[in-house]
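**Q** Pasting my_file08.cif here (mmCIF, C-alpha atoms):
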data_data
#
loop_
_atom_site.group_PDB
_atom_site.id
_atom_site.type_symbol
_atom_site.label_atom_id
_atom_site.label_comp_id
_atom_site.auth_asym_id
_atom_site.auth_seq_id
_atom_site.Cartn_x
_atom_site.Cartn_y
_atom_site.Cartn_z
ATOM 1 C CA MET B 1 -28.843 -10.590 -33.827
ATOM 2 C CA THR B 2 -27.490 -10.396 -30.354
ATOM 3 C CA THR B 3 -28.110 -12.880 -27.651
ATOM 4 C CA ASN B 4 -27.733 -11.347 -24.264
ATOM 5 C CA ILE B 5 -27.202 -13.654 -21.392
ATOM 6 C CA ILE B 6 -29.241 -12.648 -18.397
ATOM 7 C CA HIS B 7 -27.326 -13.475 -15.266
ATOM 8 C CA THR B 8 -29.039 -14.453 -12.067
ATOM 9 C CA LEU B 9 -28.069 -14.319 -8.429
ATOM 10 C CA ALA B 10 -27.827 -17.299 -6.126
ATOM 11 C CA PRO B 11 -26.879 -15.834 -2.750
ATOM 12 C CA GLU B 12 -27.020 -19.155 -0.933
ATOM 13 C CA LYS B 13 -23.965 -20.154 -2.978
ATOM 14 C CA TRP B 14 -21.991 -16.935 -2.580
ATOM 15 C CA VAL B 15 -19.895 -18.014 0.363
ATOM 16 C CA SER B 16 -18.718 -21.272 -1.175
ATOM 17 C CA ALA B 17 -18.274 -19.813 -4.645
ATOM 18 C CA TYR B 18 -16.797 -16.381 -4.034
ATOM 19 C CA SER B 19 -15.494 -15.885 -0.503
ATOM 20 C CA ASP B 20 -11.920 -16.958 -1.376
ATOM 21 C CA TYR B 21 -11.915 -14.990 -4.601
ATOM 22 C CA LEU B 22 -13.151 -11.828 -2.895
ATOM 23 C CA TYR B 23 -10.763 -12.366 -0.010
ATOM 24 C CA ASN B 24 -7.765 -12.636 -2.319
ATOM 25 C CA TYR B 25 -8.861 -9.503 -4.125
ATOM 26 C CA THR B 26 -9.134 -7.655 -0.820
ATOM 27 C CA ILE B 27 -5.946 -8.832 0.867
ATOM 28 C CA THR B 28 -3.814 -7.341 -1.896
ATOM 29 C CA ARG B 29 -5.360 -3.989 -1.058
ATOM 30 C CA VAL B 30 -5.798 -3.982 2.681
ATOM 31 C CA SER B 31 -3.039 -5.482 4.722
ATOM 32 C CA ASN B 32 -4.957 -7.025 7.536
ATOM 33 C CA SER B 33 -6.562 -10.438 7.255
ATOM 34 C CA GLU B 34 -9.375 -9.641 9.710
ATOM 35 C CA ILE B 35 -10.253 -6.425 7.917
ATOM 36 C CA ALA B 36 -10.277 -8.262 4.603
ATOM 37 C CA LYS B 37 -12.705 -10.848 5.985
ATOM 38 C CA ASP B 38 -14.939 -8.111 7.374
ATOM 39 C CA LEU B 39 -15.031 -6.370 4.015
ATOM 40 C CA VAL B 40 -15.980 -9.611 2.267
ATOM 41 C CA GLN B 41 -18.772 -10.186 4.762
ATOM 42 C CA GLU B 42 -20.029 -6.617 4.331
ATOM 43 C CA THR B 43 -19.972 -7.121 0.584
ATOM 44 C CA PHE B 44 -22.239 -10.161 0.832
ATOM 45 C CA PHE B 45 -24.629 -8.307 3.142
ATOM 46 C CA ALA B 46 -24.707 -5.237 0.895
ATOM 47 C CA GLY B 47 -25.286 -7.542 -2.072
ATOM 48 C CA LEU B 48 -28.281 -9.133 -0.371
ATOM 49 C CA LYS B 49 -29.711 -5.713 0.361
ATOM 50 C CA SER B 50 -29.437 -4.513 -3.196
ATOM 51 C CA MET B 51 -30.373 -7.724 -4.999
ATOM 52 C CA LYS B 52 -33.386 -6.043 -6.504
ATOM 53 C CA ASN B 53 -31.090 -3.606 -8.298
ATOM 54 C CA PHE B 54 -29.238 -6.403 -10.061
ATOM 55 C CA GLN B 55 -30.084 -6.190 -13.733
ATOM 56 C CA GLY B 56 -28.378 -9.361 -14.870
ATOM 57 C CA LYS B 57 -26.096 -7.590 -17.314
ATOM 58 C CA ALA B 58 -22.902 -8.498 -15.503
ATOM 59 C CA SER B 59 -21.995 -11.818 -13.986
ATOM 60 C CA GLU B 60 -22.686 -12.371 -10.351
ATOM 61 C CA ARG B 61 -18.971 -12.266 -9.574
ATOM 62 C CA THR B 62 -18.395 -8.988 -11.421
ATOM 63 C CA TRP B 63 -21.350 -7.494 -9.628
ATOM 64 C CA LEU B 64 -20.013 -8.561 -6.217
ATOM 65 C CA ILE B 65 -16.558 -7.170 -7.059
ATOM 66 C CA SER B 66 -18.104 -3.802 -7.908
ATOM 67 C CA ILE B 67 -19.718 -3.747 -4.468
ATOM 68 C CA LEU B 68 -16.444 -4.784 -2.854
ATOM 69 C CA LYS B 69 -14.582 -1.991 -4.652
ATOM 70 C CA ARG B 70 -16.895 0.552 -3.108
ATOM 71 C CA LYS B 71 -16.363 -1.026 0.300
ATOM 72 C CA ILE B 72 -12.598 -0.721 -0.146
ATOM 73 C CA ILE B 73 -12.877 2.975 -1.101
ATOM 74 C CA ASP B 74 -15.093 3.565 1.938
ATOM 75 C CA TYR B 75 -12.534 1.841 4.106
ATOM 76 C CA TYR B 76 -9.683 3.896 2.640
ATOM 77 C CA ARG B 77 -11.619 7.126 3.237
ATOM 78 C CA LYS B 78 -12.306 6.098 6.800
ATOM 79 C CA ILE B 79 -8.659 5.456 7.677
ATOM 80 C CA ASN B 80 -7.681 8.576 5.770
ATOM 81 C CA SER B 81 -9.918 10.801 7.849
ATOM 82 C CA THR B 82 -9.578 9.260 11.289
ATOM 83 C CA LYS B 83 -5.876 8.771 11.665
ATOM 84 C CA GLY B 84 -2.611 9.206 9.883
ATOM 85 C CA LYS B 85 -1.227 12.623 10.574
ATOM 86 C CA ALA B 86 -0.354 12.179 14.221
ATOM 87 C CA GLU B 87 1.574 8.986 13.572
ATOM 88 C CA VAL B 88 3.811 10.451 10.921
ATOM 89 C CA ARG B 89 7.269 11.301 12.165
ATOM 90 C CA MET B 90 8.534 14.331 10.349
ATOM 91 C CA ASN B 91 11.904 14.086 8.654
ATOM 92 C CA PHE B 92 12.216 17.597 7.218
ATOM 93 C CA TYR B 93 11.706 21.147 8.453
ATOM 94 C CA ASN B 94 8.140 22.158 7.878
ATOM 95 C CA ASP B 95 8.671 25.891 7.569
ATOM 96 C CA GLY B 96 11.121 28.712 8.248
ATOM 97 C CA GLU B 97 14.327 29.370 6.356
ATOM 98 C CA ASN B 98 15.351 25.720 6.533
ATOM 99 C CA GLU B 99 12.098 24.480 5.036
ATOM 100 C CA GLY B 100 12.578 21.180 3.260
ATOM 101 C CA ASP B 101 15.989 20.492 4.789
ATOM 102 C CA TRP B 102 16.667 17.400 6.877
ATOM 103 C CA LEU B 103 15.973 17.788 10.575
ATOM 104 C CA GLU B 104 19.374 17.346 12.254
ATOM 105 C CA GLU B 105 18.264 14.380 14.327
ATOM 106 C CA ARG B 106 16.665 12.699 11.332
ATOM 107 C CA VAL B 107 19.526 12.726 8.813
ATOM 108 C CA PRO B 108 20.406 9.314 7.397
ATOM 109 C CA ASN B 109 23.328 7.535 9.039
ATOM 110 C CA SER B 110 25.635 5.161 7.247
ATOM 111 C CA TRP B 111 24.576 1.537 7.371
ATOM 112 C CA SER B 112 26.920 -1.326 7.951
ATOM 113 C CA GLU B 113 28.704 -2.210 4.746
ATOM 114 C CA ASP B 114 27.705 -5.840 4.592
ATOM 115 C CA ALA B 115 24.022 -5.044 4.078
ATOM 116 C CA ASP B 116 24.060 -6.971 0.800
ATOM 117 C CA ARG B 117 25.070 -10.197 2.421
ATOM 118 C CA HIS B 118 21.864 -10.270 4.458
ATOM 119 C CA ILE B 119 19.353 -9.705 1.747
ATOM 120 C CA GLU B 120 17.923 -13.227 2.080
ATOM 121 C CA ASN B 121 18.086 -13.175 5.843
ATOM 122 C CA ASN B 122 14.814 -14.138 7.453
ATOM 123 C CA GLU B 123 15.105 -11.840 10.464
ATOM 124 C CA LEU B 124 15.733 -8.959 8.121
ATOM 125 C CA LYS B 125 12.492 -9.779 6.349
ATOM 126 C CA VAL B 126 10.644 -9.861 9.642
ATOM 127 C CA THR B 127 12.056 -6.450 10.540
ATOM 128 C CA LEU B 128 11.028 -5.125 7.145
ATOM 129 C CA GLU B 129 7.552 -6.531 7.612
ATOM 130 C CA ASP B 130 7.265 -4.932 11.052
ATOM 131 C CA CYS B 131 8.397 -1.592 9.676
ATOM 132 C CA ILE B 132 5.818 -1.766 6.889
ATOM 133 C CA ASP B 133 3.135 -2.662 9.427
ATOM 134 C CA ASN B 134 4.183 0.337 11.490
ATOM 135 C CA LEU B 135 3.364 2.758 8.720
ATOM 136 C CA PRO B 136 0.148 4.720 9.194
ATOM 137 C CA GLU B 137 -2.571 2.561 7.704
ATOM 138 C CA LYS B 138 -3.326 4.587 4.607
ATOM 139 C CA TYR B 139 0.383 4.938 3.795
ATOM 140 C CA GLY B 140 0.814 1.220 4.256
ATOM 141 C CA MET B 141 -2.089 0.480 1.964
ATOM 142 C CA VAL B 142 -0.880 2.682 -0.899
ATOM 143 C CA PHE B 143 2.765 1.701 -0.397
ATOM 144 C CA LYS B 144 1.995 -2.010 -0.552
ATOM 145 C CA MET B 145 -0.296 -1.787 -3.536
ATOM 146 C CA LYS B 146 2.433 0.081 -5.396
ATOM 147 C CA THR B 147 5.536 -1.727 -4.126
ATOM 148 C CA ILE B 148 4.575 -5.239 -3.122
ATOM 149 C CA GLN B 149 1.640 -5.903 -5.419
ATOM 150 C CA GLY B 150 3.080 -3.813 -8.227
ATOM 151 C CA PHE B 151 -0.135 -2.089 -9.260
ATOM 152 C CA GLU B 152 0.092 0.691 -11.836
ATOM 153 C CA THR B 153 -0.158 4.236 -10.480
ATOM 154 C CA GLU B 154 -3.343 4.909 -12.460
ATOM 155 C CA GLU B 155 -4.958 1.761 -11.149
ATOM 156 C CA ILE B 156 -4.350 2.708 -7.509
ATOM 157 C CA CYS B 157 -5.525 6.277 -8.063
ATOM 158 C CA LYS B 158 -8.708 5.041 -9.672
ATOM 159 C CA GLU B 159 -9.410 2.458 -7.029
ATOM 160 C CA LEU B 160 -8.750 4.686 -4.035
ATOM 161 C CA ASP B 161 -10.013 7.850 -5.694
ATOM 162 C CA ILE B 162 -6.803 9.845 -5.136
ATOM 163 C CA THR B 163 -4.652 11.904 -7.505
ATOM 164 C CA ALA B 164 -1.232 10.844 -8.777
ATOM 165 C CA SER B 165 0.466 13.634 -6.822
ATOM 166 C CA ASN B 166 -1.345 12.446 -3.675
ATOM 167 C CA LEU B 167 0.014 9.006 -4.338
ATOM 168 C CA TRP B 168 3.613 10.176 -4.721
ATOM 169 C CA VAL B 169 3.436 12.248 -1.537
ATOM 170 C CA ILE B 170 2.204 9.164 0.314
ATOM 171 C CA ILE B 171 4.929 6.993 -1.239
ATOM 172 C CA HIS B 172 7.560 9.580 -0.311
ATOM 173 C CA ARG B 173 6.420 9.773 3.314
ATOM 174 C CA ALA B 174 6.097 6.014 3.573
ATOM 175 C CA ARG B 175 9.596 5.423 2.231
ATOM 176 C CA THR B 176 11.325 8.050 4.372
ATOM 177 C CA GLN B 177 9.623 6.564 7.397
ATOM 178 C CA LEU B 178 10.461 3.028 6.336
ATOM 179 C CA ARG B 179 14.132 3.900 5.811
ATOM 180 C CA ARG B 180 14.294 5.418 9.251
ATOM 181 C CA CYS B 181 12.586 2.435 10.846
ATOM 182 C CA MET B 182 15.005 0.012 9.189
ATOM 183 C CA GLU B 183 17.939 2.124 10.346
ATOM 184 C CA ASP B 184 16.687 2.158 13.930
ATOM 185 C CA ASN B 185 15.712 -1.490 14.095
ATOM 186 C CA TRP B 186 18.173 -3.298 11.899
ATOM 187 C CA PHE B 187 21.181 -1.437 10.627
ATOM 188 C CA ASN B 188 22.237 0.516 13.670
ATOM 189 C CA THR B 189 21.150 -1.585 16.590
ATOM 190 C CA MET M 190 6.354 29.790 -14.263
ATOM 191 C CA LYS M 191 9.717 29.557 -12.688
ATOM 192 C CA SER M 192 11.217 26.122 -13.016
ATOM 193 C CA LYS M 193 13.757 25.829 -10.311
ATOM 194 C CA ILE M 194 16.919 23.843 -10.490
ATOM 195 C CA LYS M 195 17.646 24.167 -6.820
ATOM 196 C CA ILE M 196 15.544 21.836 -4.720
ATOM 197 C CA SER M 197 15.218 21.086 -1.023
ATOM 198 C CA CYS M 198 16.124 17.763 0.618
ATOM 199 C CA ASP M 199 12.431 17.000 0.972
ATOM 200 C CA GLU M 200 11.966 17.446 -2.771
ATOM 201 C CA ALA M 201 15.175 15.591 -3.590
ATOM 202 C CA THR M 202 14.193 12.530 -1.571
ATOM 203 C CA ALA M 203 10.697 12.657 -3.080
ATOM 204 C CA ILE M 204 12.264 12.448 -6.548
ATOM 205 C CA CYS M 205 14.463 9.617 -5.348
ATOM 206 C CA ASP M 206 11.406 7.751 -4.056
ATOM 207 C CA LYS M 207 9.577 8.206 -7.341
ATOM 208 C CA ASN M 208 12.661 7.062 -9.202
ATOM 209 C CA GLN M 209 12.567 3.749 -7.334
ATOM 210 C CA TYR M 210 9.546 2.950 -9.497
ATOM 211 C CA GLY M 211 11.220 4.289 -12.621
ATOM 212 C CA GLN M 212 8.776 7.156 -12.799
ATOM 213 C CA ALA M 213 10.909 10.245 -12.211
ATOM 214 C CA SER M 214 11.324 12.490 -15.255
ATOM 215 C CA LEU M 215 14.700 13.255 -16.810
ATOM 216 C CA PHE M 216 14.534 16.833 -15.518
ATOM 217 C CA ASP M 217 13.809 15.480 -12.030
ATOM 218 C CA LYS M 218 16.841 13.234 -12.212
ATOM 219 C CA ILE M 219 19.043 16.119 -13.329
ATOM 220 C CA LYS M 220 17.834 18.229 -10.410
ATOM 221 C CA LEU M 221 18.478 15.317 -8.074
ATOM 222 C CA ASN M 222 22.055 14.877 -9.288
ATOM 223 C CA ILE M 223 22.764 18.576 -8.960
ATOM 224 C CA HIS M 224 21.417 18.400 -5.421
ATOM 225 C CA PHE M 225 23.850 15.553 -4.620
ATOM 226 C CA ILE M 226 26.779 17.897 -5.216
ATOM 227 C CA ARG M 227 25.939 19.862 -2.126
ATOM 228 C CA CYS M 228 24.087 17.252 -0.049
ATOM 229 C CA LYS M 229 25.732 14.045 1.101
ATOM 230 C CA PHE M 230 22.695 13.058 3.161
ATOM 231 C CA CYS M 231 20.394 12.835 0.178
ATOM 232 C CA LYS M 232 23.068 10.890 -1.671
ATOM 233 C CA LEU M 233 23.205 8.457 1.212
ATOM 234 C CA TYR M 234 19.421 8.337 1.322
ATOM 235 C CA THR M 235 19.374 7.368 -2.338
ATOM 236 C CA LYS M 236 21.901 4.606 -1.827
ATOM 237 C CA GLN M 237 19.917 3.164 1.057
ATOM 238 C CA ASN M 238 16.640 3.594 -0.751
ATOM 239 C CA THR M 239 17.959 1.636 -3.708
ATOM 240 C CA TYR M 240 18.991 -1.125 -1.355
ATOM 241 C CA LEU M 241 15.506 -1.130 0.209
ATOM 242 C CA THR M 242 13.992 -1.452 -3.248
ATOM 243 C CA ARG M 243 16.027 -4.608 -3.849
ATOM 244 C CA LEU M 244 15.032 -5.937 -0.466
ATOM 245 C CA LEU M 245 11.379 -5.166 -1.120
ATOM 246 C CA GLY M 246 11.690 -6.970 -4.443
ATOM 247 C CA VAL M 247 12.779 -10.151 -2.701
ATOM 248 C CA TYR M 248 10.066 -9.678 -0.112
ATOM 249 C CA SER M 249 7.437 -9.070 -2.762
ATOM 250 C CA GLU M 250 8.233 -12.350 -4.538
ATOM 251 C CA ASP M 251 7.717 -14.202 -1.286
ATOM 252 C CA ALA M 252 4.482 -12.377 -0.575
ATOM 253 C CA HIS M 253 2.980 -13.791 -3.759
ATOM 254 C CA CYS M 254 3.392 -17.369 -2.618
ATOM 255 C CA GLY M 255 -0.037 -17.405 -1.044
ATOM 256 C CA LYS M 256 0.860 -17.857 2.582
ATOM 257 C CA GLU M 257 -2.038 -15.562 3.410
ATOM 258 C CA LYS M 258 -4.680 -17.029 5.600
ATOM 259 C CA CYS M 259 -7.923 -17.349 3.726
ATOM 260 C CA PHE M 260 -11.233 -18.085 5.332
ATOM 261 C CA SER M 261 -11.060 -21.280 7.332
ATOM 262 C CA GLU M 262 -13.771 -23.885 6.796
ATOM 263 C CA LYS M 263 -15.284 -22.928 10.105
ATOM 264 C CA GLU M 264 -15.353 -19.251 9.216
ATOM 265 C CA LYS M 265 -17.021 -20.098 5.942
ATOM 266 C CA GLU M 266 -19.706 -22.060 7.744
ATOM 267 C CA GLN M 267 -20.326 -19.154 10.094
ATOM 268 C CA LEU M 268 -20.477 -16.723 7.218
ATOM 269 C CA GLN M 269 -22.828 -19.030 5.341
ATOM 270 C CA GLU M 270 -25.141 -19.104 8.352
ATOM 271 C CA LYS M 271 -25.157 -15.326 8.612
ATOM 272 C CA VAL M 272 -25.886 -14.936 4.914
ATOM 273 C CA GLU M 273 -28.699 -17.511 5.058
ATOM 274 C CA LYS M 274 -30.221 -15.751 8.031
ATOM 275 C CA LYS M 275 -30.301 -12.531 6.030
ATOM 276 C CA ILE M 276 -31.813 -14.231 2.987
ATOM 277 C CA VAL M 277 -34.737 -15.473 5.075
ATOM 278 C CA SER M 278 -35.395 -12.179 6.829
#
Represent the supplied structure as structure tokens.

**A**
Amino acid sequence: MTTNIIHTLAPEKWVSAYSDYLYNYTITRVSNSEIAKDLVQETFFAGLKSMKNFQGKASERTWLISILKRKIIDYYRKINSTKGKAEVRMNFYNDGENEGDWLEERVPNSWSEDADRHIENNELKVTLEDCIDNLPEKYGMVFKMKTIQGFETEEICKELDITASNLWVIIHRARTQLRRCMEDNWFNT
Amino acid sequence: MKSKIKISCDEATAICDKNQYGQASLFDKIKLNIHFIRCKFCKLYTKQNTYLTRLLGVYSEDAHCGKEKCFSEKEKEQLQEKVEKKIVS
């Protein structure tokens, strides 16, 4: 015999019960605090709209997370289609006989030798943070999920609905841009 | 299918980036090392990239300490009001 618990919804309690939980889930995926709050709000509103579709099989929290996940995918698709390309500084020749080679003005320069000494330096961290924030939004999102939050590749691909090779192209572009930004703003200033 | 040993700088740095997460294949790493023989820039890139990975590791530990701003009490109240308004309507 199976006893199935039928879950119910209590939307008047959502904000006090779940807003922090949903926020923390979101902020590890989108970088910006305001955007995260907006997505949480939209999730509550979408939940209210589709309350009649709730079958009680999952818990209220699981159900809200599933709505939030769709909101995050929508958000990723939006930033993916509206901007990104124009902001990317190219580092390699795009075509011609030199295709794939470093552009002369973009080759890496040597960094000062005492880089190691500064690894705990606070200003260095601020510069790093600024450089990450300067990445095109979708690069920043994928890069952070992979590098800062340490998500598995498969997990990110599933959540953002992208392929693994997509992901590695994004990581590659993000890191070449990040290296350049750190060189310009920290190591060779 | 032709599997090429010779790779461009773009491809070499892409392998290097993937390798920062320990996810480059052995064949990729071999191609990368062969590329280093003729390209000092990609070798330098790799050195710097490895340093950035260490730096990001330190940064990532800090980022987990929960300094993120959650909803303030006031924001929660406002959100609660909006939700209640929608429940009624």

**Q** Only residues of chain B matter here; which ones have an atom within 7 Å of chain M, counting all atoms listed in the file? Give them as JSON, numbers by chain.

**A** {"B": [12, 15, 20, 23, 45, 92, 100, 101, 102, 107, 108, 119, 125, 148, 168, 172, 175]}

**Q** Excluding B:Lys69 and residues on its chain fewer than 2 positions from it, collect all residues at most 10 Å away from it, counting only C-alpha atoms, and give them as a PyMOL selection string.

**A** chain B and resi 25-26+39+43+64-67+71-75+159-160

**Q** How many Å lie between atom CA of B:Gly56 and atom CA of B:Ala36, rounded to one decimal?

**A**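 Straight-line distance from atom CA of B:Gly56 to atom CA of B:Ala36 works out to 26.6 Å.
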
**Q** Please return the centre and edge lengths, in Å to one decimal, of a box with edges along x, y and z that contains all listed atoms of stretch 88-100 of chain B, widened by 8 Å on every side, as lines of an AutoDock Vina configuration file.

**A**
center_x = 9.6
center_y = 19.9
center_z = 7.7
size_x = 27.5
size_y = 34.9
size_z = 24.9

**Q** Quick one: distance from atom CA of B:Gln55 to atom CA of B:Ile35 in Å, one decimal?

**A**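 Result for atom CA of B:Gln55 versus atom CA of B:Ile35: 29.4 Å, one decimal.
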
**Q** Atom CA of B:Cys157 to atom CA of M:Ser214: how many Å, to one decimal?

**A**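 We find that atom CA of B:Cys157 and atom CA of M:Ser214 lie 19.3 Å from each other.
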
**Q** Using all atoms listed in the file, find all polymer residues with an atom at most 12 Å away from the point (0.8, 0.3, 4.4); report them as an NGL selection string.

**A** :B and (27-32 or 76 or 79-80 or 84 or 128-149 or 170-171 or 173-175 or 177-178)

**Q** Pull out every residue that the PyMOL selection byres ((chain M and resi 220) around 9) matches in the shown coordinates and put them as number ranges by chain.

**A** M: 193-196, 201, 204, 215-219, 221-225

**Q** Determine the nearest neighbour of B:Thr176 from the options B:Ala46, B:Leu9, B:Ile162, B:Met90, counting all atoms listed in the file.

**A**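 Among the listed residues, B:Met90 lies closest to B:Thr176.
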
**Q** Ranking B:Tyr18, B:Phe54, B:Trp111, B:Tyr93 by minimum distance to B:Leu68 and counting all atoms listed in the file, which one comes first?

**A**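 Of B:Tyr18, B:Phe54, B:Trp111, B:Tyr93, the one nearest B:Leu68, counting all atoms listed in the file, is B:Tyr18.
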